[in-house]
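Trainee: This is the content of my_file38.csv (CSV, C-alpha atoms and all ligand atoms):
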chain,number,residue,atom,x,y,z
A,24,MET,CA,0.0,0.0,0.0
A,25,THR,CA,1.3,3.5,-0.8
A,26,GLY,CA,2.1,5.7,2.2
A,27,ARG,CA,0.6,9.2,2.6
A,28,VAL,CA,4.0,10.8,2.0
A,29,GLU,CA,5.5,8.0,-0.1
A,30,GLY,CA,8.8,8.9,-1.7
A,31,LYS,CA,9.1,12.3,-0.1
A,32,VAL,CA,11.9,13.6,2.1
A,33,ALA,CA,11.4,15.4,5.4
A,34,PHE,CA,13.8,17.6,7.3
A,35,ILE,CA,13.1,17.6,11.1
A,36,THR,CA,14.8,19.6,13.7
A,37,GLY,CA,14.8,18.5,17.4
A,38,ALA,CA,14.5,14.9,16.1
A,39,ALA,CA,16.3,13.1,18.9
A,40,ARG,CA,13.3,12.6,21.1
A,41,GLY,CA,9.8,13.8,22.1
A,42,GLN,CA,7.7,15.2,19.3
A,43,GLY,CA,10.5,15.3,16.8
A,44,ARG,CA,11.3,11.6,17.0
A,45,SER,CA,7.6,10.8,16.8
A,46,HIS,CA,7.3,13.0,13.7
A,47,ALA,CA,10.2,11.2,12.1
A,48,ILE,CA,8.8,7.7,12.8
A,49,THR,CA,5.3,8.7,11.7
A,50,LEU,CA,6.4,10.2,8.4
A,51,ALA,CA,8.8,7.2,7.8
A,52,ARG,CA,6.0,4.7,8.4
A,53,GLU,CA,4.1,6.6,5.7
A,54,GLY,CA,6.9,6.4,3.2
A,55,ALA,CA,9.2,9.4,3.8
A,56,ASP,CA,13.0,9.4,4.2
A,57,ILE,CA,14.2,11.7,7.0
A,58,ILE,CA,16.9,14.3,7.5
A,59,ALA,CA,17.2,14.6,11.3
A,60,VAL,CA,19.0,17.2,13.3
A,61,ASP,CA,19.4,17.7,17.0
A,62,LEU,CA,21.7,19.5,19.4
A,63,CYS,CA,22.1,16.4,21.6
A,64,ALA,CA,23.6,18.6,24.4
A,65,GLN,CA,22.5,20.6,27.4
A,66,ILE,CA,21.8,24.4,27.2
A,67,GLY,CA,22.8,25.8,30.6
A,68,THR,CA,19.6,27.8,31.2
A,69,VAL,CA,17.2,24.9,30.5
A,70,PRO,CA,15.9,23.4,33.8
A,71,TYR,CA,15.5,19.8,32.6
A,72,PRO,CA,17.8,17.3,30.9
A,73,MET,CA,17.9,17.8,27.1
A,74,ALA,CA,18.4,15.1,24.5
A,75,THR,CA,21.6,13.0,24.1
A,76,PRO,CA,23.5,11.4,21.1
A,77,GLU,CA,21.9,8.1,22.3
A,78,ASP,CA,18.5,9.6,21.8
A,79,LEU,CA,19.3,10.6,18.3
A,80,ALA,CA,20.7,7.1,17.6
A,81,GLN,CA,17.4,5.6,18.8
A,82,THR,CA,15.5,7.8,16.3
A,83,VAL,CA,17.8,6.5,13.6
A,84,LYS,CA,17.0,2.9,14.7
A,85,GLU,CA,13.3,3.4,14.7
A,86,VAL,CA,13.2,5.1,11.3
A,87,GLU,CA,15.3,2.4,9.8
A,88,ALA,CA,13.0,-0.2,11.4
A,89,ALA,CA,10.2,1.4,9.5
A,90,GLY,CA,12.1,0.6,6.3
A,91,ARG,CA,13.2,4.2,5.4
A,92,ARG,CA,16.5,6.0,5.1
A,93,ILE,CA,17.7,8.6,7.5
A,94,VAL,CA,20.6,11.1,7.6
A,95,ALA,CA,21.1,12.3,11.2
A,96,THR,CA,23.4,15.0,12.2
A,97,VAL,CA,24.3,16.7,15.5
A,98,ALA,CA,23.7,20.4,14.8
A,99,ASP,CA,22.5,23.5,16.6
A,100,VAL,CA,19.5,25.4,15.1
A,101,ARG,CA,21.1,28.6,16.5
A,102,ASP,CA,24.1,28.0,14.1
A,103,TYR,CA,22.8,28.8,10.6
A,104,ASP,CA,25.9,27.6,8.8
A,105,ALA,CA,26.0,24.2,10.6
A,106,LEU,CA,22.3,23.7,10.1
A,107,LYS,CA,22.5,24.5,6.4
A,108,GLU,CA,25.5,22.1,6.0
A,109,ALA,CA,23.5,19.3,7.7
A,110,LEU,CA,20.5,19.9,5.5
A,111,ASP,CA,22.5,20.2,2.3
A,112,ASP,CA,24.3,17.0,3.1
A,113,GLY,CA,21.0,15.2,3.8
A,114,VAL,CA,19.5,16.5,0.5
A,115,ALA,CA,22.7,15.4,-1.4
A,116,GLN,CA,22.3,11.9,0.1
A,117,LEU,CA,18.5,11.5,-0.2
A,118,GLY,CA,18.0,13.4,-3.4
A,119,ARG,CA,15.2,15.9,-2.7
A,120,LEU,CA,13.3,17.9,0.0
A,121,ASP,CA,9.5,18.1,0.3
A,122,ILE,CA,8.7,18.6,4.0
A,123,VAL,CA,10.1,20.7,6.8
A,124,SER,CA,9.2,20.3,10.5
A,125,ALA,CA,10.9,23.1,12.4
A,126,ASN,CA,10.3,21.6,15.8
A,127,ALA,CA,13.4,22.0,18.0
A,128,GLY,CA,12.6,24.0,21.1
A,129,ILE,CA,13.4,24.7,24.7
A,130,THR,CA,11.7,26.3,27.6
A,131,SER,CA,12.4,27.7,31.1
A,132,TYR,CA,10.5,29.6,33.7
A,133,GLY,CA,10.5,32.9,35.6
A,134,ARG,CA,8.6,36.2,35.8
A,135,ALA,CA,9.5,38.6,33.0
A,136,GLU,CA,11.3,41.0,35.4
A,137,ASP,CA,13.4,38.2,36.8
A,138,LEU,CA,14.5,36.4,33.7
A,139,ALA,CA,18.3,36.5,33.2
A,140,GLU,CA,19.6,38.0,29.9
A,141,GLN,CA,20.9,34.6,28.9
A,142,THR,CA,17.6,32.8,29.8
A,143,TRP,CA,15.7,35.2,27.6
A,144,ARG,CA,18.2,35.0,24.7
A,145,ASP,CA,18.4,31.2,24.7
A,146,VAL,CA,14.7,30.8,24.3
A,147,ILE,CA,14.4,33.4,21.6
A,148,ASP,CA,17.5,32.1,19.8
A,149,VAL,CA,16.3,28.5,19.7
A,150,ASP,CA,12.5,28.8,19.5
A,151,LEU,CA,12.2,31.7,17.1
A,152,THR,CA,15.5,32.3,15.3
A,153,GLY,CA,16.1,28.5,15.1
A,154,VAL,CA,12.8,28.1,13.3
A,155,TRP,CA,13.7,30.9,10.8
A,156,HIS,CA,17.1,29.3,10.3
A,157,ALA,CA,15.6,25.9,9.5
A,158,VAL,CA,13.1,27.4,7.0
A,159,LYS,CA,15.8,29.7,5.4
A,160,ALA,CA,18.1,26.7,4.8
A,161,ALA,CA,15.2,24.7,3.3
A,162,ILE,CA,13.6,27.2,0.9
A,163,PRO,CA,16.2,26.9,-1.9
A,164,HIS,CA,15.9,23.1,-1.8
A,165,LEU,CA,12.1,23.2,-1.9
A,166,ARG,CA,12.2,25.8,-4.8
A,167,ALA,CA,14.8,23.7,-6.7
A,168,GLY,CA,12.5,20.7,-6.5
A,169,GLY,CA,9.8,22.6,-8.4
A,170,ARG,CA,7.1,20.5,-6.7
A,171,GLY,CA,6.1,22.9,-4.0
A,172,GLY,CA,6.4,21.7,-0.4
A,173,SER,CA,5.0,21.8,3.1
A,174,ILE,CA,6.7,23.7,5.9
A,175,ILE,CA,5.3,23.0,9.4
A,176,VAL,CA,6.6,25.2,12.2
A,177,THR,CA,6.0,24.3,15.8
A,178,SER,CA,4.7,27.1,17.9
A,179,SER,CA,2.6,26.4,21.0
A,180,ASP,CA,-0.8,27.4,22.3
A,181,LEU,CA,1.3,30.0,24.1
A,182,GLY,CA,1.7,31.4,20.6
A,183,LEU,CA,-2.0,32.3,20.8
A,184,LYS,CA,-2.4,33.5,24.4
A,185,ALA,CA,-0.5,34.7,27.4
A,186,ALA,CA,1.1,32.7,30.3
A,187,ALA,CA,2.7,34.1,33.4
A,188,ASN,CA,6.2,32.9,34.1
A,189,GLN,CA,7.1,32.3,30.4
A,190,ALA,CA,7.4,35.7,28.8
A,191,HIS,CA,10.3,34.6,26.6
A,192,TYR,CA,8.5,31.4,25.4
A,193,VAL,CA,5.2,33.3,24.8
A,194,ALA,CA,7.1,36.0,22.8
A,195,ALA,CA,9.0,33.4,20.7
A,196,SER,CA,5.8,31.3,20.2
A,197,HIS,CA,3.9,34.4,19.0
A,198,GLY,CA,6.8,35.3,16.8
A,199,VAL,CA,6.7,31.9,15.2
A,200,ILE,CA,3.0,32.5,14.3
A,201,GLY,CA,3.9,35.8,12.6
A,202,LEU,CA,6.8,34.2,10.8
A,203,MET,CA,4.6,31.4,9.5
A,204,ARG,CA,2.0,33.9,8.2
A,205,THR,CA,4.6,35.9,6.4
A,206,LEU,CA,6.3,32.9,4.9
A,207,ALA,CA,2.9,31.6,3.8
A,208,LEU,CA,2.4,34.8,1.8
A,209,GLU,CA,6.0,34.9,0.4
A,210,LEU,CA,6.0,31.2,-0.7
A,211,ALA,CA,2.5,30.7,-1.9
A,212,ALA,CA,3.4,31.4,-5.5
A,213,ASP,CA,5.8,28.5,-5.4
A,214,PHE,CA,3.1,26.3,-3.9
A,215,ILE,CA,5.2,26.0,-0.8
A,216,ARG,CA,2.6,25.8,2.0
A,217,VAL,CA,3.5,27.0,5.5
A,218,ASN,CA,1.4,26.1,8.6
A,219,ALA,CA,1.9,26.2,12.4
A,220,LEU,CA,1.2,23.8,15.1
A,221,ALA,CA,0.0,25.2,18.4
A,222,PRO,CA,-0.1,22.2,20.8
A,223,THR,CA,-1.3,22.2,24.3
A,224,ALA,CA,0.9,20.3,26.8
A,225,VAL,CA,2.4,17.2,25.2
A,226,ASP,CA,3.8,14.2,27.2
A,227,THR,CA,7.5,14.8,26.6
A,228,PRO,CA,10.5,15.6,28.8
A,229,MET,CA,10.0,19.3,28.2
A,230,VAL,CA,6.9,19.2,30.4
A,231,MET,CA,7.3,16.0,32.4
A,232,ASN,CA,10.1,17.3,34.7
A,233,SER,CA,10.4,18.5,38.2
A,234,ALA,CA,10.7,22.2,37.2
A,235,THR,CA,7.3,22.1,35.6
A,236,TYR,CA,5.7,20.1,38.4
A,237,ARG,CA,7.0,22.7,40.9
A,238,LEU,CA,5.7,25.6,38.8
A,239,LEU,CA,2.2,24.2,38.6
A,240,ARG,CA,2.0,22.8,42.1
A,241,PRO,CA,3.9,25.3,44.3
A,242,ASP,CA,1.6,24.0,47.1
A,243,LEU,CA,3.4,20.6,47.2
A,244,GLU,CA,6.9,19.9,48.4
A,245,ASN,CA,7.8,17.1,45.9
A,246,PRO,CA,5.1,17.2,43.2
A,247,THR,CA,5.0,14.4,40.6
A,248,ALA,CA,3.5,13.9,37.1
A,249,ASP,CA,0.3,12.7,38.8
A,250,ASP,CA,0.1,16.0,40.7
A,251,LEU,CA,0.3,17.9,37.4
A,252,ALA,CA,-2.8,16.2,35.9
A,253,GLY,CA,-5.3,18.4,37.7
A,254,PRO,CA,-3.9,21.8,36.8
A,255,ALA,CA,-3.0,20.6,33.3
A,256,THR,CA,-6.6,19.4,32.7
A,257,ALA,CA,-7.9,22.7,33.9
A,258,LEU,CA,-6.0,24.4,31.1
A,259,ASN,CA,-7.6,22.3,28.4
A,260,ALA,CA,-11.0,22.4,26.8
A,261,LEU,CA,-11.2,18.7,26.3
A,262,PRO,CA,-11.0,17.0,29.7
A,263,ILE,CA,-7.5,15.5,29.4
A,264,PRO,CA,-4.3,16.8,31.0
A,265,TRP,CA,-2.0,16.4,27.9
A,266,VAL,CA,-1.7,14.8,24.5
A,267,GLU,CA,0.8,12.3,23.3
A,268,PRO,CA,3.5,13.1,20.7
A,269,VAL,CA,1.7,10.9,18.1
A,270,ASP,CA,-1.3,13.2,18.3
A,271,ILE,CA,0.9,16.1,17.1
A,272,SER,CA,2.6,13.8,14.6
A,273,ASN,CA,-0.8,13.0,13.1
A,274,ALA,CA,-1.3,16.7,12.4
A,275,VAL,CA,2.2,16.9,10.9
A,276,LEU,CA,1.4,14.0,8.7
A,277,TRP,CA,-1.8,15.6,7.4
A,278,LEU,CA,-0.1,19.0,6.8
A,279,ALA,CA,2.8,17.2,5.1
A,280,SER,CA,0.6,15.1,2.8
A,281,ASP,CA,-1.4,16.1,-0.3
A,282,GLU,CA,-4.6,15.8,1.8
A,283,SER,CA,-4.0,19.4,2.9
A,284,ARG,CA,-2.7,20.5,-0.5
A,285,TYR,CA,-4.5,23.9,-0.4
A,286,VAL,CA,-4.0,24.6,3.3
A,287,THR,CA,-1.6,27.4,4.1
A,288,GLY,CA,-1.2,30.1,6.7
A,289,SER,CA,-3.2,28.1,9.3
A,290,ARG,CA,-2.7,27.5,13.0
A,291,CYS,CA,-3.5,23.9,14.0
A,292,ARG,CA,-4.4,23.9,17.7
A,293,SER,CA,-4.8,20.8,19.8
A,294,THR,CA,-7.1,20.5,22.8
A,295,ARG,CA,-6.7,23.7,24.6
A,296,GLY,CA,-9.6,26.3,24.5
A,297,GLY,CA,-10.3,29.6,26.1
A,298,SER,CA,-9.2,33.0,25.0
A,299,SER,CA,-7.1,34.7,27.5
A,300,SER,CA,-4.6,35.7,30.0
A,301,ASP,CA,-2.6,34.2,32.8
A,302,ARG,CA,-1.9,30.5,32.5
A,303,LEU,CA,0.8,28.5,34.1
A,304,ASP,CA,1.0,30.9,37.0
A,305,ALA,CA,2.1,30.0,40.4
A,306,GLU,CA,-1.4,30.1,41.9
A,307,PRO,CA,-1.9,26.7,43.6
A,308,TRP,CA,-4.4,24.6,41.7
A,309,ARG,CA,-7.5,23.7,43.7
A,310,PRO,CA,-9.7,20.7,42.9
A,311,GLY,CA,-13.3,21.7,42.1
A,312,PRO,CA,-16.4,20.3,43.8
A,313,ALA,CA,-17.3,16.7,43.1
A,314,GLY,CA,-18.8,16.3,39.7
A,315,SER,CA,-17.6,19.6,38.2
A,316,ALA,CA,-14.7,20.1,35.9
A,317,PRO,CA,-11.4,21.0,37.4
A,318,ALA,CA,-10.9,24.6,38.5
A,319,CYS,CA,-7.7,26.6,38.5
A,320,GLY,CA,-6.6,29.6,40.5
A,321,GLY,CA,-6.8,32.7,38.3
A,322,CYS,CA,-8.4,30.8,35.5
A,323,GLU,CA,-11.8,31.7,34.3
A,324,GLN,CA,-12.4,28.8,32.0
A,325,ALA,CA,-13.6,25.2,32.5
A,326,GLN,CA,-15.5,25.9,35.7
A,327,SER,CA,-18.3,23.5,34.9
A,328,ALA,CA,-19.1,20.7,32.5
A,329,GLY,CA,-21.5,23.0,30.7
A,330,ALA,CA,-18.8,25.6,30.2
A,331,LEU,CA,-16.5,23.0,29.0
A,332,ASP,CA,-19.0,21.9,26.4
A,333,SER,CA,-19.4,25.4,25.0
A,334,LEU,CA,-15.7,26.0,25.1
A,335,ALA,CA,-15.0,22.8,23.2
A,336,ALA,CA,-17.6,23.9,20.6
A,337,ALA,CA,-16.0,27.3,20.3
A,338,VAL,CA,-12.6,25.6,19.8
A,339,LEU,CA,-13.9,23.4,17.1
A,340,ALA,CA,-15.5,26.3,15.4
A,341,GLU,CA,-12.2,28.2,15.5
A,342,LEU,CA,-10.3,25.2,14.3
A,343,ARG,CA,-12.7,24.9,11.4
A,344,VAL,CA,-12.4,28.5,10.5
A,345,GLU,CA,-8.6,28.5,10.7
A,346,VAL,CA,-8.2,25.3,8.6
A,347,VAL,CA,-10.6,26.3,5.9
A,348,HIS,CA,-8.7,29.6,5.4
A,349,VAL,CA,-6.9,28.8,2.2
A,350,GLY,CA,-4.7,31.1,0.2
A,351,LEU,CA,-3.7,34.7,0.7
A,352,ASP,CA,-6.9,35.9,2.4
A,353,GLY,CA,-6.4,33.5,5.2
A,354,VAL,CA,-3.0,34.8,6.2
A,355,ARG,CA,-3.4,38.5,5.8
B,401,LIG,N1,5.9,19.5,25.3
B,401,LIG,C1,5.0,20.4,25.3
B,401,LIG,O1,4.1,20.5,26.1
B,401,LIG,C2,4.9,21.4,24.2
B,401,LIG,C3,3.8,22.2,24.0
B,401,LIG,C4,3.7,23.1,23.0
B,401,LIG,C5,4.8,23.3,22.1
B,401,LIG,N2,5.9,22.5,22.3
B,401,LIG,C6,7.0,22.7,21.4
B,401,LIG,O2,7.2,21.4,20.7
B,401,LIG,C7,8.6,21.3,20.2
B,401,LIG,C8,9.1,20.0,20.6
B,401,LIG,O3,9.3,19.9,22.0
B,401,LIG,P1,9.1,18.5,22.8
B,401,LIG,O4,7.8,18.6,23.5
B,401,LIG,O5,9.3,17.3,21.9
B,401,LIG,O6,10.3,18.6,23.8
B,401,LIG,P2,11.7,17.8,23.9
B,401,LIG,O7,12.5,18.6,24.9
B,401,LIG,O8,11.4,16.4,24.2
B,401,LIG,O9,12.3,17.9,22.5
B,401,LIG,C9,12.9,19.0,22.0
B,401,LIG,C10,14.1,18.6,21.1
B,401,LIG,O10,14.7,19.8,20.6
B,401,LIG,C11,16.1,19.6,20.7
B,401,LIG,N3,16.8,20.9,20.7
B,401,LIG,C12,16.7,21.9,21.7
B,401,LIG,N4,17.5,22.9,21.4
B,401,LIG,C13,18.1,22.7,20.2
B,401,LIG,C14,19.0,23.4,19.3
B,401,LIG,N5,19.4,24.6,19.7
B,401,LIG,N6,19.3,22.8,18.2
B,401,LIG,C15,18.9,21.6,17.8
B,401,LIG,N7,18.0,20.8,18.6
B,401,LIG,C16,17.6,21.4,19.7
B,401,LIG,C17,16.3,18.9,22.0
B,401,LIG,O11,17.6,18.3,22.1
B,401,LIG,C18,15.2,17.9,22.0
B,401,LIG,O12,15.6,16.7,21.3
B,401,LIG,C19,9.3,22.5,20.9
B,401,LIG,O13,9.4,23.5,19.9
B,401,LIG,C20,8.4,22.9,22.0
B,401,LIG,O14,8.5,24.3,22.3
B,401,LIG,C21,6.0,21.6,23.3
Using structure tokens, write down the structure that the file contains.

Mentor:
Amino acid sequence: MTGRVEGKVAFITGAARGQGRSHAITLAREGADIIAVDLCAQIGTVPYPMATPEDLAQTVKEVEAAGRRIVATVADVRDYDALKEALDDGVAQLGRLDIVSANAGITSYGRAEDLAEQTWRDVIDVDLTGVWHAVKAAIPHLRAGGRGGSIIVTSSDLGLKAAANQAHYVAASHGVIGLMRTLALELAADFIRVNALAPTAVDTPMVMNSATYRLLRPDLENPTADDLAGPATALNALPIPWVEPVDISNAVLWLASDESRYVTGSRCRSTRGGSSSDRLDAEPWRPGPAGSAPACGGCEQAQSAGALDSLAAAVLAELRVEVVHVGLDGVR
């Protein structure tokens, strides 16, 4: 049976683990070869362990087990020349480029006035400039192919709303949305589509770590992933705490495939609803009364099952509107 991206080649940054690895395996299972890049090293301001060379080797193993080729390189998305060299080498070996997943990212926490210069700079450099670098390196290859292409940039639901304690991440994520919209305009004539993912919390080491547990449960001395479930659910429209990497990969697969051939300039949200303001703040989460949806300090959404229903409907309506926006009108 022919895969949904059969014979295509995908460039994925941050491919050593988490969502990036899942995107690589999902696209490989549907027939794509992979050009994978990851830093595989720690960044000093990041408060959780980052990926290792062993993680990247595991991605290679799993893509090959799916029967596809992979060219994997250790490179830093902050270093344009190194990233371009890794991509150029991958295209030389695999023969073409069709899909870009600019997925590498980091986070850290702190009130805006307390963030150290380096902490701010690292998040902006990786999460915003790194996405631009990946796309900039890829555009000449996509154009040279003459077949169009699909660029999928990873933002966050914090690219669509505010969150206390993450000013740098919110700013970078909003920046990625603006970059995507501009690229969608600039590349449409070449049939290169550009769309953004705006996921809610995803079950990866970026979120499943003690720094996040402590941020969301400052009321507990040693919070665990189980303690995160309540406040994480309160942030979502659908009554679940987080999604799995494969849920985001399924969106990547659709945006990468010809099934979305006229979709450009869209923001693909997952799960989270609501419209506003302070999320991920240090207000202790409080369980709601029995039978009600979870409540969250400082959070106006999801106070009742009825509110959840209408919120979910609003999210679905928004998703529909965003996804059917096709062409230039949708991105202006
Ligand atoms: N996990 C979530 O809840 C969540 C929610 C919304 C958006 N996101 C975004 O999804 C993307 C993937 O994150 P994840 O959840 O898989 O986290 P993750 O930490 O498991 O994976 C991120 C990967 O990016 C790599 N990376 C980081 N800096 C890099 C650099 N400078 N150069 C190259 N590679 C680098 C890391 O080594 C790691 O392998 C990120 O952009 C993140 O901001 C995550």

Trainee: What does the distance between CA of Val176 (chain A) and CA of Val230 (chain A) come to in Å, to one decimal place?

Mentor: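 Calculated distance between CA of Val176 (chain A) and CA of Val230 (chain A) is 19.2 Å.
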
Trainee: Need to verify the contact set: Gln65 (chain A), 12 Å, all atoms listed in the file, exclusion of same-chain residues closer than 3 positions in sequence. Can you return it as a PyMOL selection string?

Mentor: chain A and resi 61-62+68-76+99+129+145

Trainee: Env of region 155-162 of chain A: 6 Å cut, atoms = only C-alpha atoms, seq-sep filter 3 positions within chain, self excluded. Answer as a PyMOL selection string.

Mentor: chain A and resi 103+107+152+165

Trainee: Find the residues of chain A that sit at most 7 Å from ligand LIG 401 (chain B); for each, write down the nearest two atoms and how far apart they are in Å, to one decimal. Count all atoms listed in the file. Sort by chain, then by number going up, and give it as a tab-separated table.

Mentor:
residue	atom	partner	partner_atom	distance
A:Thr36	CA	B:LIG401	N7	6.0
A:Gly37	CA	B:LIG401	O10	3.5
A:Ala38	CA	B:LIG401	O12	5.6
A:Ala39	CA	B:LIG401	O12	4.4
A:Arg40	CA	B:LIG401	O12	4.7
A:Gly41	CA	B:LIG401	O5	3.5
A:Gln42	CA	B:LIG401	O5	3.7
A:Gly43	CA	B:LIG401	O5	5.6
A:Val60	CA	B:LIG401	C15	6.3
A:Asp61	CA	B:LIG401	N7	3.8
A:Leu62	CA	B:LIG401	C15	3.8
A:Cys63	CA	B:LIG401	O11	4.9
A:Ala64	CA	B:LIG401	O11	6.4
A:Met73	CA	B:LIG401	O11	5.0
A:Ala74	CA	B:LIG401	O11	4.1
A:Thr75	CA	B:LIG401	O11	6.9
A:Ala98	CA	B:LIG401	C15	5.8
A:Asp99	CA	B:LIG401	N6	3.6
A:Val100	CA	B:LIG401	N6	4.1
A:Arg101	CA	B:LIG401	N5	5.4
A:Asn126	CA	B:LIG401	O13	4.6
A:Ala127	CA	B:LIG401	O10	3.6
A:Gly128	CA	B:LIG401	O13	3.5
A:Ile129	CA	B:LIG401	C12	5.3
A:Thr130	CA	B:LIG401	O14	6.5
A:Val149	CA	B:LIG401	N5	5.0
A:Asp150	CA	B:LIG401	O13	6.2
A:Gly153	CA	B:LIG401	N5	6.9
A:Thr177	CA	B:LIG401	O13	5.4
A:Ser178	CA	B:LIG401	C5	5.7
A:Ser179	CA	B:LIG401	C5	4.0
A:Asp180	CA	B:LIG401	C4	6.3
A:Ala221	CA	B:LIG401	C4	6.3
A:Pro222	CA	B:LIG401	C4	4.5
A:Thr223	CA	B:LIG401	C3	5.1
A:Ala224	CA	B:LIG401	O1	3.3
A:Val225	CA	B:LIG401	O1	3.8
A:Asp226	CA	B:LIG401	N1	6.0
A:Thr227	CA	B:LIG401	O8	4.9
A:Pro228	CA	B:LIG401	O8	4.8
A:Met229	CA	B:LIG401	O7	4.2
A:Val230	CA	B:LIG401	N1	5.2

Trainee: For CA of Pro246 (chain A) and CA of Ser233 (chain A), quote the distance in Å rounded to one decimal.

Mentor: 7.4 Å

Trainee: Under the rule that all atoms listed in the file are counted, which of A:Gly253, A:Pro262, A:Pro241, A:Pro163 is the nearest residue to Arg119 (chain A)?

Mentor: A:Pro163

Trainee: Missing atoms in region 138-157 of chain A need filling: write out N, CA and C atoms for it as an mmCIF file, in the coordinates of the input.

Mentor:
data_model
loop_
_atom_site.group_PDB
_atom_site.id
_atom_site.type_symbol
_atom_site.label_atom_id
_atom_site.label_comp_id
_atom_site.auth_asym_id
_atom_site.auth_seq_id
_atom_site.Cartn_x
_atom_site.Cartn_y
_atom_site.Cartn_z
ATOM 1 N N LEU A 138 13.764 37.281 34.610
ATOM 2 C CA LEU A 138 14.500 36.400 33.700
ATOM 3 C C LEU A 138 15.912 36.984 33.442
ATOM 4 N N ALA A 139 16.906 36.126 33.544
ATOM 5 C CA ALA A 139 18.300 36.500 33.200
ATOM 6 C C ALA A 139 18.412 36.789 31.739
ATOM 7 N N GLU A 140 19.331 37.661 31.366
ATOM 8 C CA GLU A 140 19.600 38.000 29.900
ATOM 9 C C GLU A 140 19.750 36.697 29.125
ATOM 10 N N GLN A 141 20.570 35.798 29.651
ATOM 11 C CA GLN A 141 20.900 34.600 28.900
ATOM 12 C C GLN A 141 19.683 33.664 28.744
ATOM 13 N N THR A 142 18.849 33.631 29.797
ATOM 14 C CA THR A 142 17.600 32.800 29.800
ATOM 15 C C THR A 142 16.711 33.280 28.658
ATOM 16 N N TRP A 143 16.507 34.587 28.620
ATOM 17 C CA TRP A 143 15.700 35.200 27.600
ATOM 18 C C TRP A 143 16.250 34.865 26.187
ATOM 19 N N ARG A 144 17.548 35.139 26.051
ATOM 20 C CA ARG A 144 18.200 35.000 24.700
ATOM 21 C C ARG A 144 18.160 33.568 24.234
ATOM 22 N N ASP A 145 18.394 32.616 25.124
ATOM 23 C CA ASP A 145 18.400 31.200 24.700
ATOM 24 C C ASP A 145 17.069 30.782 24.098
ATOM 25 N N VAL A 146 15.979 31.164 24.767
ATOM 26 C CA VAL A 146 14.700 30.800 24.300
ATOM 27 C C VAL A 146 14.347 31.447 22.945
ATOM 28 N N ILE A 147 14.638 32.730 22.846
ATOM 29 C CA ILE A 147 14.400 33.400 21.600
ATOM 30 C C ILE A 147 15.265 32.854 20.462
ATOM 31 N N ASP A 148 16.525 32.602 20.779
ATOM 32 C CA ASP A 148 17.500 32.100 19.800
ATOM 33 C C ASP A 148 17.066 30.716 19.242
ATOM 34 N N VAL A 149 16.659 29.831 20.151
ATOM 35 C CA VAL A 149 16.300 28.500 19.700
ATOM 36 C C VAL A 149 14.903 28.444 19.126
ATOM 37 N N ASP A 150 13.926 28.993 19.861
ATOM 38 C CA ASP A 150 12.500 28.800 19.500
ATOM 39 C C ASP A 150 12.025 29.661 18.379
ATOM 40 N N LEU A 151 12.655 30.814 18.195
ATOM 41 C CA LEU A 151 12.200 31.700 17.100
ATOM 42 C C LEU A 151 13.270 31.781 15.998
ATOM 43 N N THR A 152 14.479 32.197 16.357
ATOM 44 C CA THR A 152 15.500 32.300 15.300
ATOM 45 C C THR A 152 15.843 30.925 14.741
ATOM 46 N N GLY A 153 15.808 29.890 15.575
ATOM 47 C CA GLY A 153 16.100 28.500 15.100
ATOM 48 C C GLY A 153 15.079 28.062 14.058
ATOM 49 N N VAL A 154 13.819 28.461 14.235
ATOM 50 C CA VAL A 154 12.800 28.100 13.300
ATOM 51 C C VAL A 154 13.052 28.833 11.931
ATOM 52 N N TRP A 155 13.386 30.119 12.039
ATOM 53 C CA TRP A 155 13.700 30.900 10.800
ATOM 54 C C TRP A 155 14.913 30.260 10.102
ATOM 55 N N HIS A 156 15.941 29.891 10.872
ATOM 56 C CA HIS A 156 17.100 29.300 10.300
ATOM 57 C C HIS A 156 16.756 27.994 9.491
ATOM 58 N N ALA A 157 15.917 27.161 10.101
ATOM 59 C CA ALA A 157 15.600 25.900 9.500
ATOM 60 C C ALA A 157 14.838 26.151 8.133
#
